[in-house]
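J.: To be precise about what I am sending: the file is called start25.txt and holds compact mmCIF, C-alpha atoms and all ligand atoms.
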# COMPACT_ATOMS: atom_id res chain seq x y z
CA MET A 1 9.83 -13.87 -9.15
CA ALA A 2 6.67 -14.48 -7.26
CA ASN A 3 3.97 -17.12 -7.65
CA TYR A 4 0.42 -17.27 -6.33
CA SER A 5 1.77 -18.90 -3.17
CA ASP A 6 3.78 -15.74 -2.44
CA ILE A 7 0.71 -13.52 -2.42
CA ILE A 8 -0.43 -12.85 1.14
CA GLY A 9 -4.15 -12.17 1.44
CA HIS A 10 -6.23 -10.99 -1.56
CA GLU A 11 -7.69 -14.50 -1.96
CA ASP A 12 -10.80 -13.16 -3.69
CA ILE A 13 -8.77 -11.40 -6.40
CA VAL A 14 -6.57 -14.45 -6.94
CA ARG A 15 -9.66 -16.64 -7.16
CA HIS A 16 -11.21 -14.26 -9.68
CA PHE A 17 -8.22 -14.47 -12.02
CA LYS A 18 -7.70 -18.20 -11.61
CA SER A 19 -11.28 -19.02 -12.48
CA SER A 20 -11.29 -16.57 -15.42
CA ILE A 21 -8.21 -18.31 -16.80
CA GLU A 22 -9.72 -21.73 -16.22
CA LEU A 23 -12.99 -20.79 -17.91
CA GLY A 24 -11.23 -18.90 -20.69
CA LYS A 25 -13.16 -15.77 -19.76
CA VAL A 26 -10.38 -13.26 -19.28
CA SER A 27 -11.51 -9.66 -19.65
CA HIS A 28 -9.72 -7.02 -21.66
CA ALA A 29 -9.38 -4.41 -18.97
CA TYR A 30 -8.93 -4.49 -15.22
CA ILE A 31 -8.42 -1.83 -12.60
CA LEU A 32 -6.49 -3.10 -9.58
CA ASN A 33 -7.25 -0.61 -6.84
CA GLY A 34 -5.45 -0.47 -3.51
CA GLU A 35 -3.03 1.67 -1.54
CA LYS A 36 0.69 1.77 -2.17
CA GLY A 37 2.51 -1.29 -0.84
CA VAL A 38 -0.53 -3.53 -0.76
CA GLY A 39 0.81 -5.89 -3.45
CA LYS A 40 -0.73 -4.77 -6.76
CA LYS A 41 2.43 -5.14 -8.85
CA THR A 42 3.28 -8.55 -7.45
CA LEU A 43 -0.22 -9.78 -8.16
CA ALA A 44 -0.27 -8.30 -11.68
CA ALA A 45 3.08 -9.93 -12.46
CA VAL A 46 1.86 -13.33 -11.30
CA VAL A 47 -1.40 -13.03 -13.23
CA ALA A 48 0.49 -11.99 -16.38
CA LYS A 49 2.85 -14.94 -16.00
CA SER A 50 -0.04 -17.38 -15.62
CA LEU A 51 -1.96 -15.92 -18.57
CA GLN A 52 1.08 -16.44 -20.77
CA CYS A 53 2.17 -19.84 -19.42
CA GLU A 54 2.36 -22.32 -22.26
CA THR A 55 0.52 -25.00 -20.23
CA GLY A 56 -2.65 -22.88 -20.18
CA GLU A 57 -3.23 -23.90 -16.55
CA PRO A 58 -4.36 -21.31 -13.99
CA ASP A 59 -1.13 -21.87 -12.05
CA PRO A 60 2.01 -20.90 -13.99
CA CYS A 61 4.36 -23.87 -14.46
CA GLY A 62 7.55 -21.88 -13.90
CA LYS A 63 9.41 -24.05 -16.42
CA CYS A 64 8.19 -23.20 -19.93
CA HIS A 65 9.91 -20.65 -22.16
CA SER A 66 7.30 -18.00 -21.39
CA CYS A 67 7.44 -18.49 -17.61
CA LEU A 68 11.24 -18.27 -17.67
CA GLN A 69 11.08 -15.11 -19.76
CA ALA A 70 8.46 -13.63 -17.44
CA GLU A 71 10.60 -14.40 -14.42
CA SER A 72 13.60 -12.63 -15.90
CA GLY A 73 11.46 -9.66 -16.94
CA ASN A 74 11.91 -10.37 -20.65
CA GLN A 75 8.54 -11.71 -21.75
CA PRO A 76 7.99 -9.65 -24.93
CA ASP A 77 4.20 -9.83 -24.60
CA ILE A 78 4.12 -8.53 -21.04
CA ILE A 79 4.59 -4.78 -21.28
CA TRP A 80 5.09 -2.59 -18.22
CA VAL A 81 4.07 0.95 -19.11
CA THR A 82 6.42 3.61 -17.77
CA HIS A 83 6.33 7.38 -17.41
CA GLU A 84 9.11 9.96 -17.48
CA LYS A 85 7.78 12.59 -15.10
CA ALA A 86 7.14 11.67 -11.48
CA ASN A 87 3.64 13.10 -11.26
CA THR A 88 2.04 12.43 -14.60
CA LEU A 89 1.46 9.79 -17.23
CA SER A 90 1.06 11.73 -20.44
CA VAL A 91 -1.10 11.22 -23.49
CA GLU A 92 2.07 10.69 -25.55
CA GLU A 93 3.24 7.94 -23.24
CA VAL A 94 -0.13 6.19 -23.45
CA ARG A 95 -0.13 6.52 -27.25
CA THR A 96 3.39 5.24 -27.87
CA GLN A 97 3.36 2.46 -25.31
CA ILE A 98 -0.22 1.21 -25.58
CA VAL A 99 -2.51 2.65 -28.25
CA ASN A 100 -0.06 2.51 -31.16
CA ASP A 101 1.42 -0.79 -30.06
CA ILE A 102 -1.62 -2.86 -29.28
CA ASP A 103 -2.60 -3.64 -32.88
CA LEU A 104 0.68 -5.47 -33.44
CA LYS A 105 -0.08 -9.12 -32.74
CA PRO A 106 1.57 -10.82 -29.75
CA TYR A 107 5.15 -11.77 -30.45
CA SER A 108 5.06 -15.29 -29.11
CA SER A 109 2.18 -15.70 -26.68
CA ARG A 110 -1.54 -16.04 -26.46
CA TYR A 111 -2.11 -12.61 -24.98
CA LYS A 112 -0.54 -9.20 -25.14
CA ILE A 113 -0.61 -7.78 -21.63
CA TYR A 114 -0.14 -4.15 -20.67
CA ILE A 115 0.44 -3.38 -17.00
CA VAL A 116 0.18 0.29 -16.04
CA PRO A 117 1.47 1.06 -12.53
CA ASP A 118 0.39 4.43 -11.08
CA SER A 119 -2.37 4.68 -13.65
CA GLN A 120 -4.06 7.34 -11.50
CA LEU A 121 -1.38 9.64 -12.95
CA MET A 122 -2.91 9.44 -16.43
CA THR A 123 -4.09 12.87 -17.49
CA PRO A 124 -7.70 13.11 -18.71
CA GLN A 125 -6.27 13.37 -22.26
CA ALA A 126 -4.27 10.21 -21.69
CA GLN A 127 -7.39 8.45 -20.45
CA ASN A 128 -9.34 9.62 -23.46
CA ALA A 129 -6.58 8.33 -25.73
CA LEU A 130 -6.92 4.95 -24.06
CA LEU A 131 -10.70 4.96 -24.29
CA LYS A 132 -10.89 3.92 -27.94
CA THR A 133 -8.64 0.95 -27.20
CA LEU A 134 -10.81 -0.01 -24.23
CA GLU A 135 -13.91 0.20 -26.42
CA GLU A 136 -12.56 -2.02 -29.18
CA PRO A 137 -9.62 -4.00 -27.86
CA PRO A 138 -8.02 -6.67 -30.03
CA GLU A 139 -9.08 -10.11 -28.79
CA TYR A 140 -5.61 -10.90 -27.41
CA ALA A 141 -5.29 -7.68 -25.37
CA VAL A 142 -5.35 -7.50 -21.58
CA ILE A 143 -4.81 -4.13 -19.89
CA MET A 144 -4.23 -3.92 -16.15
CA LEU A 145 -4.45 -0.45 -14.65
CA LEU A 146 -2.91 -0.38 -11.18
CA THR A 147 -4.00 2.52 -9.03
CA ASN A 148 -4.20 3.80 -5.48
CA ASN A 149 -7.15 6.02 -6.34
CA VAL A 150 -9.96 4.71 -8.46
CA ASP A 151 -11.70 8.10 -8.28
CA LYS A 152 -9.16 9.55 -10.71
CA PHE A 153 -10.66 7.69 -13.67
CA LEU A 154 -13.14 9.15 -16.09
CA PRO A 155 -16.52 7.40 -15.79
CA THR A 156 -16.16 6.30 -19.43
CA VAL A 157 -12.92 4.50 -18.60
CA LEU A 158 -14.26 3.03 -15.36
CA SER A 159 -17.31 1.58 -17.02
CA ARG A 160 -15.15 -0.45 -19.41
CA CYS A 161 -12.96 -2.04 -16.77
CA ILE A 162 -13.46 -4.69 -14.13
CA VAL A 163 -12.56 -3.03 -10.84
CA LEU A 164 -10.90 -5.28 -8.26
CA ASN A 165 -10.34 -3.73 -4.85
CA PHE A 166 -7.49 -4.85 -2.62
CA LYS A 167 -8.64 -5.34 0.95
CA PRO A 168 -6.37 -5.01 3.97
CA VAL A 169 -4.41 -8.16 4.81
CA GLU A 170 -5.61 -9.93 7.98
CA PRO A 171 -3.33 -9.20 10.98
CA LEU A 172 -2.71 -12.88 11.75
CA ASP A 173 -1.69 -13.60 8.15
CA MET A 174 0.68 -10.66 8.26
CA ILE A 175 2.28 -11.64 11.57
CA ASP A 176 2.72 -15.16 10.25
CA TYR A 177 4.33 -13.88 7.05
CA LEU A 178 6.76 -11.60 8.88
CA MET A 179 7.79 -14.31 11.32
CA THR A 180 8.14 -17.05 8.69
CA ASN A 181 9.57 -15.17 5.74
CA LEU A 182 11.55 -12.41 7.41
CA GLN A 183 12.44 -14.29 10.60
CA VAL A 184 11.41 -11.42 12.89
CA ASP A 185 10.36 -12.17 16.47
CA GLN A 186 6.74 -12.06 17.54
CA ASP A 187 6.97 -8.72 19.33
CA LYS A 188 8.42 -7.01 16.28
CA ALA A 189 5.96 -8.76 13.97
CA ARG A 190 3.05 -7.48 16.06
CA PHE A 191 4.42 -3.97 16.13
CA CYS A 192 4.98 -3.87 12.37
CA THR A 193 1.56 -5.40 11.70
CA ASP A 194 -0.26 -2.89 13.85
CA PHE A 195 1.73 -0.10 12.26
CA ALA A 196 0.88 -1.27 8.74
CA GLN A 197 -2.91 -1.49 9.16
CA GLY A 198 -3.37 -4.20 6.55
CA ASN A 199 -0.68 -3.01 4.15
CA LEU A 200 1.91 -5.76 3.82
CA GLY A 201 4.44 -3.63 1.94
CA LYS A 202 4.40 -1.12 4.75
CA ALA A 203 4.90 -3.81 7.40
CA VAL A 204 7.82 -5.24 5.47
CA ARG A 205 9.37 -1.81 5.00
CA LEU A 206 9.48 -1.23 8.76
CA ALA A 207 10.47 -4.80 9.57
CA ILE A 208 13.53 -4.73 7.31
CA SER A 209 14.53 -1.16 8.14
CA PRO A 210 18.01 -1.21 9.71
CA ASP A 211 16.77 1.63 11.93
CA TYR A 212 13.81 -0.28 13.34
CA ASN A 213 15.00 -0.16 16.97
CA GLU A 214 15.93 3.52 16.83
CA ILE A 215 12.66 4.47 15.16
CA ARG A 216 10.72 2.67 17.85
CA GLU A 217 12.80 4.09 20.70
CA ASP A 218 12.74 7.67 19.37
CA SER A 219 9.00 7.58 18.90
CA ILE A 220 8.48 6.23 22.41
CA ARG A 221 10.76 8.86 23.90
CA LEU A 222 8.77 11.60 22.19
CA LEU A 223 5.38 10.16 23.11
CA ARG A 224 6.31 9.61 26.75
CA SER A 225 7.20 13.23 27.24
CA ILE A 226 4.85 14.98 24.84
CA PRO A 227 2.51 16.28 27.55
CA ASP A 228 5.44 18.06 29.25
CA MET A 229 7.23 19.35 26.18
CA GLU A 230 7.31 22.83 24.71
CA MET A 231 6.19 23.31 21.14
CA GLU A 232 9.67 23.95 19.73
CA ASP A 233 11.04 20.84 21.43
CA ILE A 234 8.32 18.70 19.98
CA ILE A 235 8.74 20.05 16.46
CA GLN A 236 12.48 19.56 16.68
CA ALA A 237 12.08 16.03 18.01
CA VAL A 238 9.74 15.05 15.20
CA LYS A 239 12.01 16.64 12.61
CA ASN A 240 14.97 14.72 13.99
CA MET A 241 13.12 11.55 13.15
CA GLY A 242 13.43 12.51 9.51
CA LYS A 243 16.94 11.07 9.55
CA TYR A 244 15.44 7.62 9.22
CA LYS A 245 14.26 6.75 5.79
CA LEU A 246 10.58 6.35 6.53
CA ASP A 247 7.90 8.78 5.42
CA ILE A 248 6.97 11.45 7.91
CA THR A 249 3.45 10.03 7.88
CA ASP A 250 4.89 6.79 9.22
CA TYR A 251 5.64 8.55 12.50
CA ILE A 252 2.08 9.76 12.61
CA ASP A 253 1.04 6.11 12.35
CA ILE A 254 3.28 5.18 15.27
CA MET A 255 1.79 8.05 17.28
CA THR A 256 -1.69 6.82 16.41
CA MET A 257 -0.73 3.35 17.68
CA TRP A 258 0.40 4.94 20.92
CA PHE A 259 -2.87 6.74 21.52
CA ARG A 260 -4.94 3.71 20.48
CA ASP A 261 -2.97 1.82 23.13
CA ILE A 262 -3.80 4.47 25.71
CA LEU A 263 -7.45 4.15 24.78
CA MET A 264 -7.14 0.39 25.30
CA VAL A 265 -5.44 0.92 28.68
CA LYS A 266 -8.23 3.25 29.69
CA ILE A 267 -10.88 0.70 28.73
CA SER A 268 -9.24 -2.45 30.09
CA ASN A 269 -6.69 -1.17 32.63
CA SER A 270 -4.49 -4.04 31.50
CA PRO A 271 -1.35 -4.34 29.36
CA ASN A 272 -2.63 -7.47 27.60
CA LYS A 273 -3.90 -6.01 24.38
CA ILE A 274 -1.48 -3.17 23.89
CA ILE A 275 1.48 -2.93 21.53
CA PHE A 276 3.78 -0.82 23.72
CA LYS A 277 3.63 -3.28 26.62
CA LYS A 278 6.78 -2.03 28.34
CA GLU A 279 5.31 1.45 28.49
CA PHE A 280 2.24 0.34 30.41
CA SER A 281 2.93 2.50 33.47
CA VAL A 282 3.48 5.66 31.38
CA MET A 283 0.36 4.89 29.40
CA LYS A 284 -1.64 4.41 32.58
CA LYS A 285 -0.53 7.82 33.70
CA GLN A 286 -1.41 9.48 30.40
CA ALA A 287 -4.71 7.60 30.35
CA SER A 288 -5.63 8.99 33.77
CA HIS A 289 -5.00 12.53 32.55
CA THR A 290 -7.31 12.37 29.57
CA SER A 291 -10.93 11.55 28.79
CA TYR A 292 -12.33 9.16 26.18
CA GLU A 293 -13.45 12.18 24.16
CA GLY A 294 -9.99 13.66 24.48
CA LEU A 295 -8.37 10.50 23.12
CA GLU A 296 -10.82 10.34 20.26
CA GLU A 297 -10.06 13.94 19.47
CA ILE A 298 -6.32 13.21 19.42
CA ILE A 299 -6.71 10.16 17.19
CA THR A 300 -8.92 12.16 14.80
CA ALA A 301 -6.37 14.99 14.79
CA LEU A 302 -3.64 12.50 13.87
CA ASP A 303 -5.72 11.21 10.96
CA LYS A 304 -6.28 14.74 9.74
CA LEU A 305 -2.61 15.59 10.14
CA LYS A 306 -1.69 12.67 7.90
CA VAL A 307 -4.05 13.89 5.19
CA ARG A 308 -2.62 17.40 5.49
CA LEU A 309 0.96 16.22 5.26
CA GLU A 310 0.14 14.09 2.22
CA ALA A 311 -1.26 17.24 0.61
CA ASN A 312 2.10 18.89 1.26
CA VAL A 313 0.93 21.57 3.65
CA ASN A 314 3.49 23.35 5.81
CA PHE A 315 4.94 20.78 8.18
CA ASP A 316 5.46 23.07 11.18
CA ILE A 317 1.96 24.49 11.09
CA ALA A 318 0.27 21.13 10.66
CA MET A 319 2.37 19.62 13.42
CA GLU A 320 1.73 22.55 15.72
CA LEU A 321 -2.05 22.20 15.39
CA MET A 322 -1.84 18.51 16.15
CA LEU A 323 0.39 18.91 19.18
CA LEU A 324 -1.86 21.59 20.56
CA THR A 325 -4.71 19.10 20.37
CA ILE A 326 -2.62 16.55 22.26
CA LYS A 327 -1.60 19.01 24.94
CA GLU A 328 -5.13 20.29 25.34
CA ASN A 329 -6.44 16.82 25.87
CA ILE A 330 -3.80 15.38 28.18
CA GLN A 331 -3.78 17.58 31.24
ZN ZN B 1 4.78 -21.89 -17.86
Written as structure tokens, how would this file's structure read?

T.:
Amino acid sequence: MANYSDIIGHEDIVRHFKSSIELGKVSHAYILNGEKGVGKKTLAAVVAKSLQCETGEPDPCGKCHSCLQAESGNQPDIIWVTHEKANTLSVEEVRTQIVNDIDLKPYSSRYKIYIVPDSQLMTPQAQNALLKTLEEPPEYAVIMLLTNNVDKFLPTVLSRCIVLNFKPVEPLDMIDYLMTNLQVDQDKARFCTDFAQGNLGKAVRLAISPDYNEIREDSIRLLRSIPDMEMEDIIQAVKNMGKYKLDITDYIDIMTMWFRDILMVKISNSPNKIIFKKEFSVMKKQASHTSYEGLEEIITALDKLKVRLEANVNFDIAMELMLLTIKENIQ
């Protein structure tokens, strides 16, 4: 299991927790807000381990009974709240796992820690059930609500929690992590880092995908020929990519990288700062057939497409609109 040294980026959040532990000023309720894959669970697990470490130091010792239990996932006073249904965390689940449990004193540790992944899935009723606990928590209680959308909380819940926002990880830190810990070469590390836009989990997912080369090649093949393709061909080509186990939005991100590269080629007329270096000549050609406004329009359309696909709109229609925008802007 991880330690503080395994957390890449998020120095401000780590510092916050370490100094709270050192000063003995740990709060009862935190919201850890950041997109999926950014490292919320890892960080929560490390913080929980350090809070419970028998040494009382801000850094967990890794040797005491509590640390060993935490590492094997059997620390009885670190409770990971679960939910049955994929899209909701019900009032019953909050009651049985938190509200009705929290008054029982810690089994063996100083704190009783509840970690709630996907807490944005709490229904308003579930949040209201939690509210009383947040208003008058037992002194030993620490509740960590992990979420990718802080806007889903009722203002009454929000106002009783310390909100810590995860910022994107710096590109250089990410490249360094991928090269050192996953032994990927620099070219691949750069590609995955640019793809991930500050989200380490996403970079790792692509870097360790056994289909990395195919994904990259397929995307390039599509993007090279997009201006000359018919609609049905394009839709089929994108659908074919579904055979790899990435999200469909991941391909949108690769497409966005492509067009950001073209924008860079148009500005600098050099392959130095681009990700798809080997495609420089194709990019130069596409760059000469489009305007700055056109490229901006394409990149905006890709952003919108991603939002639409995340909202589960019809794939073909959303894709069609986007590809029309591309074709209109690359003549
Ligand atoms: Zn320890």

J.: 6 Å from ligand ZN 1 (chain B) is the threshold here; counting all atoms listed in the file, which polymer residues fall inside it? Answer as a list in words.

T.: Cys53, Glu54, Thr55, Pro60, Cys61, Gly62, Lys63, Cys64, Ser66 and Cys67 of chain A

J.: Write out as a PDB file with C-alpha atoms, keeping the file's coordinate frame each polymer residue whose atoms come within 12 Å of Lys266 in chain A, counting all atoms listed in the file; drop sequence neighbours fewer than 2 positions from it.

T.:
ATOM      1  CA  PHE A 259      -2.870   6.740  21.520  1.00  0.00           C
ATOM      2  CA  ARG A 260      -4.940   3.710  20.480  1.00  0.00           C
ATOM      3  CA  ASP A 261      -2.970   1.820  23.130  1.00  0.00           C
ATOM      4  CA  ILE A 262      -3.800   4.470  25.710  1.00  0.00           C
ATOM      5  CA  LEU A 263      -7.450   4.150  24.780  1.00  0.00           C
ATOM      6  CA  MET A 264      -7.140   0.390  25.300  1.00  0.00           C
ATOM      7  CA  SER A 268      -9.240  -2.450  30.090  1.00  0.00           C
ATOM      8  CA  ASN A 269      -6.690  -1.170  32.630  1.00  0.00           C
ATOM      9  CA  SER A 270      -4.490  -4.040  31.500  1.00  0.00           C
ATOM     10  CA  PRO A 271      -1.350  -4.340  29.360  1.00  0.00           C
ATOM     11  CA  LYS A 273      -3.900  -6.010  24.380  1.00  0.00           C
ATOM     12  CA  ILE A 274      -1.480  -3.170  23.890  1.00  0.00           C
ATOM     13  CA  PHE A 280       2.240   0.340  30.410  1.00  0.00           C
ATOM     14  CA  SER A 281       2.930   2.500  33.470  1.00  0.00           C
ATOM     15  CA  MET A 283       0.360   4.890  29.400  1.00  0.00           C
ATOM     16  CA  LYS A 284      -1.640   4.410  32.580  1.00  0.00           C
ATOM     17  CA  LYS A 285      -0.530   7.820  33.700  1.00  0.00           C
ATOM     18  CA  GLN A 286      -1.410   9.480  30.400  1.00  0.00           C
ATOM     19  CA  ALA A 287      -4.710   7.600  30.350  1.00  0.00           C
ATOM     20  CA  SER A 288      -5.630   8.990  33.770  1.00  0.00           C
ATOM     21  CA  HIS A 289      -5.000  12.530  32.550  1.00  0.00           C
ATOM     22  CA  THR A 290      -7.310  12.370  29.570  1.00  0.00           C
ATOM     23  CA  SER A 291     -10.930  11.550  28.790  1.00  0.00           C
ATOM     24  CA  TYR A 292     -12.330   9.160  26.180  1.00  0.00           C
ATOM     25  CA  GLU A 293     -13.450  12.180  24.160  1.00  0.00           C
ATOM     26  CA  GLY A 294      -9.990  13.660  24.480  1.00  0.00           C
ATOM     27  CA  LEU A 295      -8.370  10.500  23.120  1.00  0.00           C
TER      28      LEU A 295
END

J.: With distances taken over only C-alpha atoms, which residue among A:Arg221, A:Lys277, A:His83, A:Lys36 lies nearest Arg205 in chain A?

T.: A:Lys36

J.: CA of Asp173 in chain A and CA of Lys278 in chain A are how many Å apart?

T.: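 Going from CA of Asp173 in chain A over to CA of Lys278 in chain A, I get 24.8 Å.
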
J.: Take CA of Thr147 in chain A and CA of Lys40 in chain A and report the distance between them in Å, one decimal.

T.: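 These atoms are spaced 8.3 Å apart.
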
J.: So which one's closest to Arg190 in chain A, A:Tyr4, A:Phe315, A:Phe276, A:Phe166? Using all atoms listed in the file, please.

T.: A:Phe276

J.: From the list A:Ala311, A:Ala203, A:Met229, A:Leu121, which residue is nearest Val38 in chain A when using all atoms listed in the file?

T.: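 Residue with the minimum atom-to-atom distance to Val38 in chain A: A:Ala203.
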
J.: List the neighbours of Glu92 in chain A out to 9 Å using all atoms listed in the file; skip same-chain residues closer than 3 positions along the sequence, and give me the result as a short mmCIF file (atom, residue, chain, number, x, y, z; two decimals) with C-alpha atoms, in the frame of the given file.

T.:
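File out.cif, as written:
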data_model
loop_
_atom_site.label_atom_id
_atom_site.label_comp_id
_atom_site.auth_asym_id
_atom_site.auth_seq_id
_atom_site.Cartn_x
_atom_site.Cartn_y
_atom_site.Cartn_z
CA LEU A 89 1.46 9.79 -17.23
CA ARG A 95 -0.13 6.52 -27.25
CA THR A 96 3.39 5.24 -27.87
CA GLN A 97 3.36 2.46 -25.31
CA ALA A 126 -4.27 10.21 -21.69
CA ALA A 129 -6.58 8.33 -25.73
#

J.: Can you work out which one of A:Ile175, A:Leu130, A:Leu309, A:Ile254 has the shortest atom-to-atom distance to Val157 in chain A, counting all atoms listed in the file?

T.: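 Distance minimum relative to Val157 in chain A lands on A:Leu130.
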
J.: Report the distance between CA of Asn100 in chain A and CA of Leu154 in chain A in Å, rounded to one decimal place.

T.: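 One can read the CA of Asn100 in chain A to CA of Leu154 in chain A distance as 21.0 Å.
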